[in-house]
Structure formats: C-alpha cells, structure tokens
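Enquirer: Sharing a structure with you now.
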Amino acid sequence: MRLLSSVLASALAVAACGIGSAENSLEGPNGPAFQAPGESADILALRTGAGIAAAGGDLSALDASECALNRAVRLAYVGPDLSQLDSVGLGSLVVEEPVHIIEAYLAEVNANGGLHDRCVQSSVHLWSWDDPEGSFQRICEQVPAESPLVVLNLFGDVRGVSCLTTDAGLAMFGLYASAPATIQRLSRGNLFLDVGTAGYLLGNSIDIARRSSLVPESGQFGLLFGGPLGADPSRREYNIGADFDQVATVTGDLNRIPGVITHVPARFGRLPLLGPEGRVRLLESALTPAEVTAATEQASSLTSEQTAILGEIEQFYLNAVTDHRDKGVIAVYSTAAWFELRRMMRAAERIGWHPLWIANDIQGATLTLTGAPRAQADNFYLVSARRTAGDELADLDRGCVGLRSSAPGSPPFTHRHHTDAWSVLVATCDALDVTMSALSRVSGPLSSEAFVEQLSNTHYEAGYGGRIGFGPGDYSGADRFRVLRADPDCVLDDWGCMRAVTDWFESSTAQTQGGG
C-alpha cells in the first residue's frame, strides 16, 4: 500500500487556489477551488478527494468507475436530536444535524466510484433529551446489528460510547467529543476522539497556560472536576485518577495538578434541572427588583425535590468559590460540563471574586458564557484546538460549506462562518476526511481491525492551523492548541466570540511522538 505523498501535494495545490468573497461559495479568486459536486472530475478537484488526500489517503482506492451497493461499507451516525435543544434550555446553541453534510459527502464519494469500488452508506440514530436511557437502549441494540465499519458520535455521551466500543467492539470517532481517560481505556482501542480525553485536554490547558505565560510558573490553582453527561459515578468511567495520570504525562510533572479541587456531584448534572434553574435565576447577581419578584414567583411553583436540589447546588458552589478564594487560587481550570462552570462563575460573582477561568474544548463557549456575568467573562480563556473568529477561511472549509449547500433536499446553509453551526459543520468534514482516508488505506480484506490499524496512523492538516493526529496508543486527536480569550463586544453571537491571543503550541506529547 502506498500513501500518495505526491498526490497529497497535488491535492493541496488544487485546494490552495484561493479564498473567494462569498461565504458559501466554492470559488477562489483565480477560479473554483473545487469542482461542483456532480461534475465529472478528477477526484483531486473535488472537496472529498482533497480532504481525503489531506488526511494521507490513498487515492488509488477512489479510481473505480462506479461503486457496488451489494458490497457497501456502512457508517453509523449517533447524536442527540438537535431539534430539541430549545426545549431543554440549550436554545443559545444553534447547530444543524450533521446528517446533511454526511449525506452530501458520501454522495460525492459514491458518485465518483466509492472507496475500493464499494459504496459507503450511512444510517442515523438520534437520541432524545427527554428519554436518553430509552434512546441508548435502542441505539445499543440497533447499531451493532448493522455492523458499521465506524460510528461517528456527536458530543460523545458516555452511555453510547461504552456500549458500542467496549461491549460491541465497534470503532468510533468522537465528533466534538471528549471522554474520561478510563472510558477510552475500556474501549479496547476502538475510541478515537477529535480533540481528546478529559485528562489530555486538562493536561494541555495546564501546560499551555504556563508555556504561554497566561499564568505564572508557580501559584495556587484550582480545578472544577466533573464527570461527563450520562456517567454513573459508581462505575469505572468516573475515575479521576486515570485523567490525572494523563495530566502528569502531558505536563511531565504530577505536581502540575491543581492543589484546590472541587469535585462536582454527578446528580447536579441532570439536564432537566436547567429549566427551573433558569427560571429562578439561580446564583445570578445584580437582578432588578422586577427580576427578583419574577424569580420568587417561579420558585414558588417548583416541586419540593427541585427546590431541594437547587438549594443544594447553590450552597455547594458558594462554598466552593469561598474555599478557592480563601486558599489564594488565582486561576481555575475545568473538566466539568459547561453549566457547572457557569454556575461556579456566577457564584464567584456573588462573592466578588474574579480569578482567571481556563477552560478547554470540553466546554463550549457559547453555552458557558450565555448568561455568565460580564466581569467573569472578561477573565474567560479557552485552551483550544478548534477554529475561532478571526481565522482565515481554509479552502477545505469553504469547500465543505459548498458541498453542504449542494445537498439535494436539505435546507439552505445560511450560517456565518465561525458560528457554532459552521464550526460543527467543518469539524464533521474533518471527521469524514480522517475516517474515509483510513478506509482508503486499507489493503486486503476490509475488517474493523484493519480499519482501526489505519485510523491509528493518521496525520491530518486541516488548513486552519490545527492538526488531528493518531498514533499507536494515542487516541486523542488534537496535536496543537492555542489560547483563546472571550471578546464580549464581538457581534458574532449574542454573548460575543472567542479570539486567539497566542499562536499555536504543539502538545508536548505530540512533540515526543514526533508530530509537527
């Protein structure tokens, strides 16, 4: 098998023909960056071919005149029902179902002969926010029965990760997903994450905050540690020690683990609590008399169980920030869910304490900062591997949007670049580039083991500065990070946007493994 380095160079040359002015266009200043989907074309002139080549794909696997449906390869998509976001209090997050770009991407691949002359087909499995347990019971039965080569899992809920990787032995690519280090270990080498495990991301946020001089070499640091959504704290995946082992590996020093740790009880993470929490304005400060009256009225309508748990949450966070402040903490890192971090920021505002908040790609900025106190948002930083406002548009990203806009029967894609919807879209293209590239490199019989072997040998330059890389024993994809800072005055979203305040840093583990 050969990795077409010369073809890759040609693909990037095709992709580098320029950036046009229309946000959703395939055009560059010197002509089309990629040919329109459906046109007869050299595979290198198509968005899919250029992306697969950028991930080290073997384009000789794409040279068939047509693909065979009776030997189709299956890709399964698992994710939340995004039409329900508003009903569970997540209305500030505007994203579309990735299925639109998945279908458009695979349609272009199949129209040009498929991979190894086999069509690639997808199935969609959505879980409901109203009944996640029932949804995952269904998903954990249906998906293995389809025998997919790979599962794309948006947001990576632990319940779906465990049953499909550990129990069913399926390969999974986590899209916009993280997981505890123990979950990855239990997956038997089947779980690949586009950014990384909780411990890996925490370790890099600690390391790069120090290397970038965001924080001093020494000082008292805090940590808000929380398990993932869907985790049972009595199970092995809720193991803080495994994540701390990864922190020590990344930073090279166990003493880099923050000295003041707040461990969030798993019962605080029930999403149905977000509705009543918002109505009673839990932990919020500087409310007007009218807002206080409205919140008091809402509080009177809560059940006794809701009143008790919200009171417990309020006191927990007030105690936590008081403890951090009294111990001299100057910066707080976090592995907890976005709403737990926002609760702590609101509690800090209540007591007039203003540390640095150093989050990572586990916490989405939109959800964390919507409704966060402005004085706390001014101190919010993100050590991130993702795209951000102010980045130039890469041609692969422009081609991804153009491909999505061409999807027959799908609603138009009207979102601005660097919004959440756009960011999830292009990250989905990244995931497809990486997984289809691994498929293209399989020689001989196609099996899950052969596919995982190739996915474990990935080096993908996405064009915007970030890089996804996997190697033997390395299942955390992000190899480069930079520091972003919240800009509340930015008009991209209601809360503002994130902007880069440093250049890219290589992860110390990527440097050790020869990345770069």
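Residues are referred to by chain and number: the chain letter is A, B, ... according to the order shown in the structure tokens, the number counts from 1 in that chain, and ligands are numbered separately from 1 in the order shown.
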Would you mind listing what lies within 10 Å of Ala145 of chain A as number ranges by chain, with only C-alpha atoms counted and same-chain residues fewer than 5 positions away left out?
Expert: A: 139-140, 168
Enquirer: Please produce an output containing C-alpha atoms for each residue in the selection, written as a PDB file, in the first residue's frame.
Expert:
```pdb
ATOM      1  CA  ILE A 139     -29.167   2.525  19.882  1.00  0.00           C
ATOM      2  CA  CYS A 140     -27.063  -0.064  21.694  1.00  0.00           C
ATOM      3  CA  ALA A 168     -19.871  -4.281  20.840  1.00  0.00           C
TER       4      ALA A 168
END
```
Enquirer: Considering only C-alpha atoms, return as a PyMOL selection string whatever protein or nucleic-acid residues lie within 7 Å of segment 87-92 of chain A, sequence-local ones (same chain, fewer than 2 positions apart) excluded.
Expert: chain A and resi 84-85+94+271-272+274-275+367
Enquirer: Save the residues we just selected, all heavy atoms, as a CSV table (one decimal), in the first residue's frame?
Expert:
```
chain,number,residue,atom,x,y,z
A,84,GLN,N,-34.4,19.4,19.6
A,84,GLN,CA,-35.0,19.5,21.0
A,84,GLN,C,-34.1,20.5,21.8
A,84,GLN,O,-34.4,20.6,23.0
A,84,GLN,CB,-35.0,18.1,21.6
A,84,GLN,CG,-35.9,17.1,20.9
A,84,GLN,CD,-35.8,15.8,21.6
A,84,GLN,OE1,-34.9,15.4,22.3
A,84,GLN,NE2,-36.8,14.9,21.3
A,85,LEU,N,-33.1,21.1,21.3
A,85,LEU,CA,-32.2,21.9,22.1
A,85,LEU,C,-33.0,23.0,22.9
A,85,LEU,O,-32.7,23.2,24.1
A,85,LEU,CB,-31.1,22.6,21.3
A,85,LEU,CG,-30.1,21.6,20.7
A,85,LEU,CD1,-29.1,22.4,19.8
A,85,LEU,CD2,-29.3,21.0,21.8
A,94,VAL,N,-26.9,27.1,18.4
A,94,VAL,CA,-27.6,26.9,17.1
A,94,VAL,C,-26.7,26.1,16.2
A,94,VAL,O,-25.6,26.5,15.8
A,94,VAL,CB,-27.9,28.3,16.5
A,94,VAL,CG1,-28.5,28.1,15.1
A,94,VAL,CG2,-28.7,29.1,17.4
A,271,LEU,N,-29.8,17.4,33.1
A,271,LEU,CA,-30.2,18.5,32.2
A,271,LEU,C,-31.6,19.0,32.5
A,271,LEU,O,-31.8,20.2,32.3
A,271,LEU,CB,-30.1,18.0,30.8
A,271,LEU,CG,-28.6,17.9,30.2
A,271,LEU,CD1,-28.7,17.5,28.8
A,271,LEU,CD2,-27.9,19.3,30.3
A,272,PRO,N,-32.5,18.2,32.9
A,272,PRO,CA,-33.9,18.8,33.3
A,272,PRO,C,-33.8,19.8,34.4
A,272,PRO,O,-34.8,20.6,34.5
A,272,PRO,CB,-34.7,17.6,33.7
A,272,PRO,CG,-34.1,16.4,33.0
A,272,PRO,CD,-32.6,16.7,32.9
A,274,LEU,N,-31.9,22.4,34.3
A,274,LEU,CA,-31.5,23.7,33.7
A,274,LEU,C,-32.7,24.6,33.5
A,274,LEU,O,-32.6,25.8,33.6
A,274,LEU,CB,-30.8,23.5,32.4
A,274,LEU,CG,-29.5,22.8,32.4
A,274,LEU,CD1,-28.9,22.6,31.0
A,274,LEU,CD2,-28.5,23.5,33.4
A,275,GLY,N,-33.9,24.0,33.2
A,275,GLY,CA,-35.1,24.8,33.0
A,275,GLY,C,-35.5,25.6,34.3
A,275,GLY,O,-35.6,26.8,34.3
A,367,LEU,N,-22.4,28.1,25.3
A,367,LEU,CA,-23.2,27.7,26.4
A,367,LEU,C,-22.7,28.2,27.7
A,367,LEU,O,-23.4,28.6,28.6
A,367,LEU,CB,-23.4,26.2,26.4
A,367,LEU,CG,-24.1,25.6,25.2
A,367,LEU,CD1,-24.1,24.1,25.3
A,367,LEU,CD2,-25.6,26.1,25.2
```
Enquirer: I need the strand (DSSP E) residues of segment 154-213 of chain A per DSSP on the backbone, written as a VMD selection string.
Expert: chain A and resid 154 172 to 175 191 to 193
Enquirer: Between atom CA of Leu484 of chain A and atom CA of Thr388 of chain A, what distance in Å does the model show, to one decimal?
Expert: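 Taking atom CA of Leu484 of chain A and atom CA of Thr388 of chain A, their separation equals 8.1 Å.
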Enquirer: What are the closest atom pairs, with distances in Å to one decimal, for all residues of segment 305-372 of chain A lying within 12 Å of segment 382-387 of chain A? Consider only C-alpha atoms, order rows by chain and residue number, and present the result as a tab-separated table.
Expert:
```
residue	atom	partner	partner_atom	distance
A:Val332	CA	A:Leu382	CA	11.6
A:Tyr333	CA	A:Leu382	CA	9.7
A:Ser334	CA	A:Leu382	CA	10.2
A:Thr335	CA	A:Leu382	CA	11.8
A:Leu356	CA	A:Leu382	CA	10.6
A:Trp357	CA	A:Leu382	CA	8.2
A:Ile358	CA	A:Leu382	CA	5.7
A:Ala359	CA	A:Leu382	CA	4.8
A:Asn360	CA	A:Val383	CA	4.9
A:Asp361	CA	A:Ser384	CA	5.6
A:Ile362	CA	A:Ser384	CA	9.3
A:Gln363	CA	A:Leu382	CA	8.7
A:Gly364	CA	A:Leu382	CA	9.3
A:Ala365	CA	A:Leu382	CA	8.1
A:Thr366	CA	A:Leu382	CA	11.8
A:Thr368	CA	A:Leu382	CA	11.1
A:Leu369	CA	A:Leu382	CA	11.6
```
Enquirer: Please, could you write that set of residues out with all heavy atoms as a compact mmCIF listing (two decimals), in the first residue's frame?
Expert:
```txt
# COMPACT_ATOMS: atom_id res chain seq x y z
N VAL A 332 -8.70 29.06 37.75
CA VAL A 332 -9.47 27.83 37.90
C VAL A 332 -9.53 27.12 36.55
O VAL A 332 -10.01 27.68 35.56
CB VAL A 332 -10.90 28.12 38.38
CG1 VAL A 332 -11.70 26.82 38.52
CG2 VAL A 332 -10.88 28.87 39.72
N TYR A 333 -9.04 25.88 36.52
CA TYR A 333 -9.19 25.01 35.35
C TYR A 333 -10.48 24.21 35.50
O TYR A 333 -11.06 24.12 36.58
CB TYR A 333 -7.99 24.07 35.23
CG TYR A 333 -6.68 24.78 35.01
CD1 TYR A 333 -5.85 25.11 36.08
CD2 TYR A 333 -6.25 25.11 33.73
CE1 TYR A 333 -4.64 25.76 35.89
CE2 TYR A 333 -5.04 25.77 33.52
CZ TYR A 333 -4.24 26.09 34.61
OH TYR A 333 -3.05 26.73 34.41
N SER A 334 -10.91 23.60 34.40
CA SER A 334 -12.17 22.86 34.49
C SER A 334 -12.21 21.68 33.53
O SER A 334 -11.75 21.78 32.39
CB SER A 334 -13.35 23.79 34.19
OG SER A 334 -14.58 23.08 34.23
N THR A 335 -12.76 20.57 34.01
CA THR A 335 -13.15 19.47 33.15
C THR A 335 -14.66 19.24 33.23
O THR A 335 -15.17 18.27 32.66
CB THR A 335 -12.46 18.14 33.54
OG1 THR A 335 -12.92 17.74 34.82
CG2 THR A 335 -10.96 18.30 33.56
N LEU A 356 -8.90 33.97 37.03
CA LEU A 356 -8.91 33.55 35.63
C LEU A 356 -9.68 32.23 35.54
O LEU A 356 -9.56 31.37 36.40
CB LEU A 356 -7.48 33.35 35.11
CG LEU A 356 -6.54 34.56 35.09
CD1 LEU A 356 -5.20 34.15 34.50
CD2 LEU A 356 -7.14 35.71 34.31
N TRP A 357 -10.45 32.08 34.46
CA TRP A 357 -11.13 30.83 34.18
C TRP A 357 -10.49 30.24 32.93
O TRP A 357 -10.52 30.86 31.87
CB TRP A 357 -12.62 31.07 33.95
CG TRP A 357 -13.30 31.74 35.10
CD1 TRP A 357 -13.56 33.08 35.23
CD2 TRP A 357 -13.78 31.12 36.29
NE1 TRP A 357 -14.19 33.32 36.44
CE2 TRP A 357 -14.35 32.14 37.11
CE3 TRP A 357 -13.82 29.80 36.75
CZ2 TRP A 357 -14.90 31.88 38.35
CZ3 TRP A 357 -14.37 29.54 37.99
CH2 TRP A 357 -14.92 30.56 38.78
N ILE A 358 -9.90 29.07 33.07
CA ILE A 358 -9.17 28.46 31.95
C ILE A 358 -9.85 27.15 31.59
O ILE A 358 -9.66 26.13 32.25
CB ILE A 358 -7.69 28.26 32.30
CG1 ILE A 358 -7.06 29.59 32.73
CG2 ILE A 358 -6.94 27.70 31.08
CD1 ILE A 358 -5.63 29.48 33.18
N ALA A 359 -10.67 27.22 30.56
CA ALA A 359 -11.44 26.06 30.12
C ALA A 359 -10.72 25.39 28.95
O ALA A 359 -9.62 25.80 28.54
CB ALA A 359 -12.84 26.50 29.73
N ASN A 360 -11.34 24.36 28.40
CA ASN A 360 -10.80 23.68 27.23
C ASN A 360 -11.96 23.24 26.34
O ASN A 360 -13.09 23.67 26.55
CB ASN A 360 -9.91 22.50 27.65
CG ASN A 360 -10.65 21.52 28.54
OD1 ASN A 360 -11.64 20.92 28.13
ND2 ASN A 360 -10.19 21.36 29.78
N ASP A 361 -11.70 22.42 25.35
CA ASP A 361 -12.73 22.11 24.36
C ASP A 361 -13.85 21.21 24.89
O ASP A 361 -14.76 20.88 24.15
CB ASP A 361 -12.10 21.51 23.11
CG ASP A 361 -11.38 22.56 22.27
OD1 ASP A 361 -11.89 23.69 22.20
OD2 ASP A 361 -10.32 22.25 21.69
N ILE A 362 -13.79 20.81 26.15
CA ILE A 362 -14.94 20.12 26.75
C ILE A 362 -16.10 21.09 26.91
O ILE A 362 -17.26 20.73 26.78
CB ILE A 362 -14.55 19.53 28.13
CG1 ILE A 362 -13.51 18.42 27.97
CG2 ILE A 362 -15.79 18.99 28.86
CD1 ILE A 362 -12.97 17.90 29.28
N GLN A 363 -15.78 22.35 27.22
CA GLN A 363 -16.81 23.35 27.49
C GLN A 363 -16.99 24.26 26.27
O GLN A 363 -16.05 24.94 25.86
CB GLN A 363 -16.43 24.23 28.70
CG GLN A 363 -16.25 23.47 29.99
CD GLN A 363 -14.82 23.04 30.24
OE1 GLN A 363 -13.90 23.48 29.57
NE2 GLN A 363 -14.63 22.18 31.22
N GLY A 364 -18.18 24.25 25.70
CA GLY A 364 -18.45 25.17 24.60
C GLY A 364 -18.62 26.59 25.12
O GLY A 364 -19.32 26.83 26.09
N ALA A 365 -17.96 27.53 24.46
CA ALA A 365 -18.00 28.92 24.94
C ALA A 365 -19.40 29.50 24.87
O ALA A 365 -19.81 30.25 25.77
CB ALA A 365 -17.03 29.77 24.12
N THR A 366 -20.15 29.16 23.83
CA THR A 366 -21.49 29.73 23.70
C THR A 366 -22.36 29.40 24.89
O THR A 366 -23.00 30.28 25.49
CB THR A 366 -22.17 29.24 22.41
OG1 THR A 366 -21.51 29.83 21.29
CG2 THR A 366 -23.64 29.63 22.36
N THR A 368 -21.38 28.22 27.88
CA THR A 368 -20.79 28.67 29.14
C THR A 368 -21.01 30.15 29.36
O THR A 368 -21.36 30.59 30.48
CB THR A 368 -19.28 28.38 29.16
OG1 THR A 368 -19.05 26.99 28.92
CG2 THR A 368 -18.67 28.76 30.51
N LEU A 369 -20.84 30.96 28.33
CA LEU A 369 -20.83 32.41 28.51
C LEU A 369 -22.20 33.06 28.32
O LEU A 369 -22.37 34.22 28.69
CB LEU A 369 -19.82 33.04 27.56
CG LEU A 369 -18.36 32.66 27.82
CD1 LEU A 369 -17.43 33.34 26.83
CD2 LEU A 369 -17.95 33.00 29.25
```
Enquirer: With only C-alpha atoms as the atoms that count, which of A:Leu164, A:Ala372, A:Leu149, A:Leu425 lies nearest to Gly402 of chain A?
Expert: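 Selected residue with least distance to Gly402 of chain A: A:Leu425.
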Enquirer: Could you work out how far atom CA of Gly278 of chain A lies from atom CA of Thr293 of chain A, giving the answer in Å with one decimal?
Expert: 14.1 Å
Enquirer: Do you know which residues are at most 10 Å from segment 216-226 of chain A counting only C-alpha atoms, after dropping those on the same chain fewer than 2 positions away, and could you put them as a ChimeraX atom specification?
Expert: /A:180,198,202,206,209-214,228-229,231,233,238,240,256-266,268-269,320-321,323-325,327-337,340-341,344,355-359
Enquirer: Which residue is closest to Asp194 of chain A? Choose from A:Asp395, A:Asp130, A:Glu108, A:Asp433 and count only C-alpha atoms.
Expert: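 Residue with the minimum atom-to-atom distance to Asp194 of chain A: A:Asp433.
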Enquirer: Would you work out the distance separating atom CA of Arg485 of chain A from atom CA of Met498 of chain A, expressed in Å to one decimal?
Expert: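 Interatomic distance, atom CA of Arg485 of chain A to atom CA of Met498 of chain A: 5.4 Å.
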Enquirer: Identify which of the residues A:Arg138, A:His459, A:Arg398, A:His125 lies closest to Asn153 of chain A, counting only C-alpha atoms when measuring atom-to-atom distances.
Expert: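 Ranked by minimum distance to Asn153 of chain A, first place goes to A:His125.
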Enquirer: Applying 6 Å and only C-alpha atoms, which residues near Leu193 of chain A remain after dropping the ones on its own chain fewer than 4 positions away? List them as a PyMOL selection string.
Expert: chain A and resi 173-174+476-477
Enquirer: Could you give me, as a PDB file with all heavy atoms, in the first residue's frame, the residues within 9 Å of Ala299 of chain A, counting only C-alpha atoms and dropping anything in the same chain fewer than 3 positions from it?
Expert:
```pdb
ATOM      1  N   PRO A 276     -35.772  24.848  35.418  1.00  0.00           N
ATOM      2  CA  PRO A 276     -36.112  25.541  36.672  1.00  0.00           C
ATOM      3  C   PRO A 276     -34.974  26.403  37.201  1.00  0.00           C
ATOM      4  O   PRO A 276     -35.218  27.456  37.792  1.00  0.00           O
ATOM      5  CB  PRO A 276     -36.454  24.393  37.628  1.00  0.00           C
ATOM      6  CG  PRO A 276     -35.951  23.147  36.994  1.00  0.00           C
ATOM      7  CD  PRO A 276     -35.958  23.397  35.522  1.00  0.00           C
ATOM      8  N   ARG A 279     -35.303  29.690  35.484  1.00  0.00           N
ATOM      9  CA  ARG A 279     -36.492  30.456  35.881  1.00  0.00           C
ATOM     10  C   ARG A 279     -36.322  31.123  37.240  1.00  0.00           C
ATOM     11  O   ARG A 279     -36.831  32.224  37.464  1.00  0.00           O
ATOM     12  CB  ARG A 279     -37.726  29.537  35.876  1.00  0.00           C
ATOM     13  CG  ARG A 279     -38.117  29.062  34.472  1.00  0.00           C
ATOM     14  CD  ARG A 279     -39.505  28.440  34.466  1.00  0.00           C
ATOM     15  NE  ARG A 279     -39.591  27.220  35.259  1.00  0.00           N
ATOM     16  CZ  ARG A 279     -39.303  26.005  34.799  1.00  0.00           C
ATOM     17  NH1 ARG A 279     -38.885  25.853  33.549  1.00  0.00           N
ATOM     18  NH2 ARG A 279     -39.433  24.934  35.572  1.00  0.00           N
ATOM     19  N   VAL A 280     -35.600  30.482  38.151  1.00  0.00           N
ATOM     20  CA  VAL A 280     -35.420  31.079  39.483  1.00  0.00           C
ATOM     21  C   VAL A 280     -34.153  31.922  39.553  1.00  0.00           C
ATOM     22  O   VAL A 280     -33.817  32.458  40.612  1.00  0.00           O
ATOM     23  CB  VAL A 280     -35.411  30.002  40.583  1.00  0.00           C
ATOM     24  CG1 VAL A 280     -36.697  29.192  40.557  1.00  0.00           C
ATOM     25  CG2 VAL A 280     -34.190  29.083  40.480  1.00  0.00           C
ATOM     26  N   ALA A 294     -40.104  38.182  39.883  1.00  0.00           N
ATOM     27  CA  ALA A 294     -40.443  37.112  38.948  1.00  0.00           C
ATOM     28  C   ALA A 294     -39.780  35.801  39.351  1.00  0.00           C
ATOM     29  O   ALA A 294     -40.405  34.721  39.287  1.00  0.00           O
ATOM     30  CB  ALA A 294     -40.025  37.507  37.531  1.00  0.00           C
ATOM     31  N   ALA A 295     -38.511  35.860  39.772  1.00  0.00           N
ATOM     32  CA  ALA A 295     -37.801  34.650  40.192  1.00  0.00           C
ATOM     33  C   ALA A 295     -38.443  34.046  41.436  1.00  0.00           C
ATOM     34  O   ALA A 295     -38.556  32.820  41.559  1.00  0.00           O
ATOM     35  CB  ALA A 295     -36.333  34.968  40.451  1.00  0.00           C
ATOM     36  N   THR A 296     -38.887  34.906  42.358  1.00  0.00           N
ATOM     37  CA  THR A 296     -39.547  34.424  43.575  1.00  0.00           C
ATOM     38  C   THR A 296     -40.859  33.721  43.240  1.00  0.00           C
ATOM     39  O   THR A 296     -41.187  32.667  43.804  1.00  0.00           O
ATOM     40  CB  THR A 296     -39.806  35.587  44.536  1.00  0.00           C
ATOM     41  OG1 THR A 296     -38.555  36.227  44.841  1.00  0.00           O
ATOM     42  CG2 THR A 296     -40.454  35.097  45.823  1.00  0.00           C
ATOM     43  N   LEU A 302     -41.979  25.473  42.062  1.00  0.00           N
ATOM     44  CA  LEU A 302     -41.118  24.303  41.974  1.00  0.00           C
ATOM     45  C   LEU A 302     -41.644  23.173  42.855  1.00  0.00           C
ATOM     46  O   LEU A 302     -42.306  23.404  43.868  1.00  0.00           O
ATOM     47  CB  LEU A 302     -39.696  24.648  42.409  1.00  0.00           C
ATOM     48  CG  LEU A 302     -38.927  25.694  41.604  1.00  0.00           C
ATOM     49  CD1 LEU A 302     -37.539  25.891  42.195  1.00  0.00           C
ATOM     50  CD2 LEU A 302     -38.833  25.311  40.138  1.00  0.00           C
ATOM     51  N   THR A 303     -41.304  21.950  42.472  1.00  0.00           N
ATOM     52  CA  THR A 303     -41.601  20.817  43.344  1.00  0.00           C
ATOM     53  C   THR A 303     -40.641  20.838  44.530  1.00  0.00           C
ATOM     54  O   THR A 303     -39.588  21.500  44.490  1.00  0.00           O
ATOM     55  CB  THR A 303     -41.445  19.494  42.589  1.00  0.00           C
ATOM     56  OG1 THR A 303     -40.058  19.316  42.254  1.00  0.00           O
ATOM     57  CG2 THR A 303     -42.286  19.488  41.311  1.00  0.00           C
ATOM     58  N   THR A 307     -36.750  22.190  44.531  1.00  0.00           N
ATOM     59  CA  THR A 307     -36.302  23.200  45.496  1.00  0.00           C
ATOM     60  C   THR A 307     -35.097  22.701  46.271  1.00  0.00           C
ATOM     61  O   THR A 307     -34.119  23.434  46.483  1.00  0.00           O
ATOM     62  CB  THR A 307     -37.441  23.554  46.459  1.00  0.00           C
ATOM     63  OG1 THR A 307     -38.545  24.086  45.713  1.00  0.00           O
ATOM     64  CG2 THR A 307     -36.987  24.580  47.486  1.00  0.00           C
TER      65      THR A 307
END
```
Enquirer: Give the alpha helix (DSSP H) residues of segment 265-489 of chain A, as assigned by DSSP on the backbone, as an MDAnalysis selection string.
Expert: chainID A and resid 274:279 289:299 304:326 338:350 365:369 374:377 395:405 420:441 448:455
Enquirer: Which residue gives the smallest distance to Leu455 of chain A among A:Ser128, A:Thr509, A:Ser135, A:Asn190, with only C-alpha atoms counted?
Expert: A:Asn190
Enquirer: Residues within 6 Å of segment 435-442 of chain A, please, as a PyMOL selection string. Count only C-alpha atoms; anything in the same chain fewer than 6 positions from it doesn't count.
Expert: chain A and resi 52+55+57-58+61+451+454-455
Enquirer: Any chance you could export the current selection's N, CA, C and O atoms as a PDB file, in the first residue's frame?
Expert:
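What landed in again36.pdb:
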```pdb
ATOM      1  N   ILE A  52      -9.651  13.851   1.703  1.00  0.00           N
ATOM      2  CA  ILE A  52      -9.112  12.521   1.962  1.00  0.00           C
ATOM      3  C   ILE A  52      -7.607  12.515   1.737  1.00  0.00           C
ATOM      4  O   ILE A  52      -6.840  11.919   2.508  1.00  0.00           O
ATOM      5  N   ALA A  55      -5.643  14.046   4.556  1.00  0.00           N
ATOM      6  CA  ALA A  55      -5.520  13.159   5.707  1.00  0.00           C
ATOM      7  C   ALA A  55      -4.646  11.946   5.399  1.00  0.00           C
ATOM      8  O   ALA A  55      -4.655  10.970   6.160  1.00  0.00           O
ATOM      9  N   GLY A  57      -4.737  10.008   2.581  1.00  0.00           N
ATOM     10  CA  GLY A  57      -5.441   8.922   1.919  1.00  0.00           C
ATOM     11  C   GLY A  57      -4.750   8.400   0.677  1.00  0.00           C
ATOM     12  O   GLY A  57      -3.958   9.101   0.032  1.00  0.00           O
ATOM     13  N   ASP A  58      -5.061   7.167   0.334  1.00  0.00           N
ATOM     14  CA  ASP A  58      -4.555   6.531  -0.882  1.00  0.00           C
ATOM     15  C   ASP A  58      -5.616   6.710  -1.955  1.00  0.00           C
ATOM     16  O   ASP A  58      -6.623   5.997  -1.977  1.00  0.00           O
ATOM     17  N   ALA A  61      -7.598   4.184  -4.234  1.00  0.00           N
ATOM     18  CA  ALA A  61      -8.802   3.482  -3.768  1.00  0.00           C
ATOM     19  C   ALA A  61     -10.065   4.136  -4.291  1.00  0.00           C
ATOM     20  O   ALA A  61     -11.160   3.587  -4.132  1.00  0.00           O
ATOM     21  N   PHE A 451      -9.269  -1.435   9.619  1.00  0.00           N
ATOM     22  CA  PHE A 451      -9.640  -0.023   9.614  1.00  0.00           C
ATOM     23  C   PHE A 451      -9.041   0.703  10.815  1.00  0.00           C
ATOM     24  O   PHE A 451      -8.471   1.793  10.681  1.00  0.00           O
ATOM     25  N   GLN A 454      -5.386   1.483  10.443  1.00  0.00           N
ATOM     26  CA  GLN A 454      -5.097   2.643   9.607  1.00  0.00           C
ATOM     27  C   GLN A 454      -5.511   3.952  10.283  1.00  0.00           C
ATOM     28  O   GLN A 454      -4.822   4.967  10.147  1.00  0.00           O
ATOM     29  N   LEU A 455      -6.623   3.934  11.010  1.00  0.00           N
ATOM     30  CA  LEU A 455      -7.034   5.141  11.720  1.00  0.00           C
ATOM     31  C   LEU A 455      -5.999   5.515  12.777  1.00  0.00           C
ATOM     32  O   LEU A 455      -5.801   6.694  13.082  1.00  0.00           O
TER      33      LEU A 455
END
```
Enquirer: Between A:Glu297, A:Asp326, A:Asp245, A:Asp397, which one has atoms that come closest to Val424 of chain A, using only C-alpha atoms?
Expert: A:Asp397
Enquirer: Hey, which bits of segment 137-228 of chain A sit within 12 Å of segment 76-81 of chain A, and for each residue what's the closest pair of atoms and how far apart in Å (one decimal), counting only C-alpha atoms, rows by chain and increasing number, as a Markdown table?
Expert:
```
| residue | atom | partner | partner_atom | distance |
| --- | --- | --- | --- | --- |
| A:Arg138 | CA | A:Val78 | CA | 11.5 |
| A:Ile139 | CA | A:Val78 | CA | 8.0 |
| A:Cys140 | CA | A:Val78 | CA | 10.3 |
| A:Gln142 | CA | A:Ala76 | CA | 10.2 |
| A:Val143 | CA | A:Ala76 | CA | 7.1 |
| A:Pro144 | CA | A:Ala76 | CA | 9.5 |
| A:Ala145 | CA | A:Ala76 | CA | 11.0 |
| A:Glu146 | CA | A:Ala76 | CA | 8.4 |
| A:Ser147 | CA | A:Ala76 | CA | 9.0 |
| A:Pro148 | CA | A:Ala76 | CA | 6.0 |
| A:Leu149 | CA | A:Ala76 | CA | 8.1 |
| A:Val150 | CA | A:Ala76 | CA | 6.5 |
| A:Val151 | CA | A:Ala76 | CA | 4.7 |
| A:Leu152 | CA | A:Tyr77 | CA | 4.8 |
| A:Asn153 | CA | A:Val78 | CA | 4.8 |
| A:Leu154 | CA | A:Gly79 | CA | 4.8 |
| A:Phe155 | CA | A:Gly79 | CA | 7.0 |
| A:Gly156 | CA | A:Gly79 | CA | 7.8 |
| A:Asp157 | CA | A:Gly79 | CA | 8.3 |
| A:Val158 | CA | A:Gly79 | CA | 11.6 |
| A:Arg159 | CA | A:Val78 | CA | 11.4 |
| A:Gly160 | CA | A:Val78 | CA | 8.0 |
| A:Val161 | CA | A:Val78 | CA | 9.7 |
| A:Leu164 | CA | A:Val78 | CA | 10.4 |
| A:Leu170 | CA | A:Ala76 | CA | 10.3 |
| A:Ala171 | CA | A:Ala76 | CA | 10.3 |
| A:Met172 | CA | A:Ala76 | CA | 9.3 |
| A:Phe173 | CA | A:Tyr77 | CA | 9.8 |
| A:Gly174 | CA | A:Val78 | CA | 9.8 |
| A:Leu175 | CA | A:Gly79 | CA | 9.4 |
| A:Tyr176 | CA | A:Gly79 | CA | 10.7 |
| A:Ala177 | CA | A:Gly79 | CA | 10.7 |
```
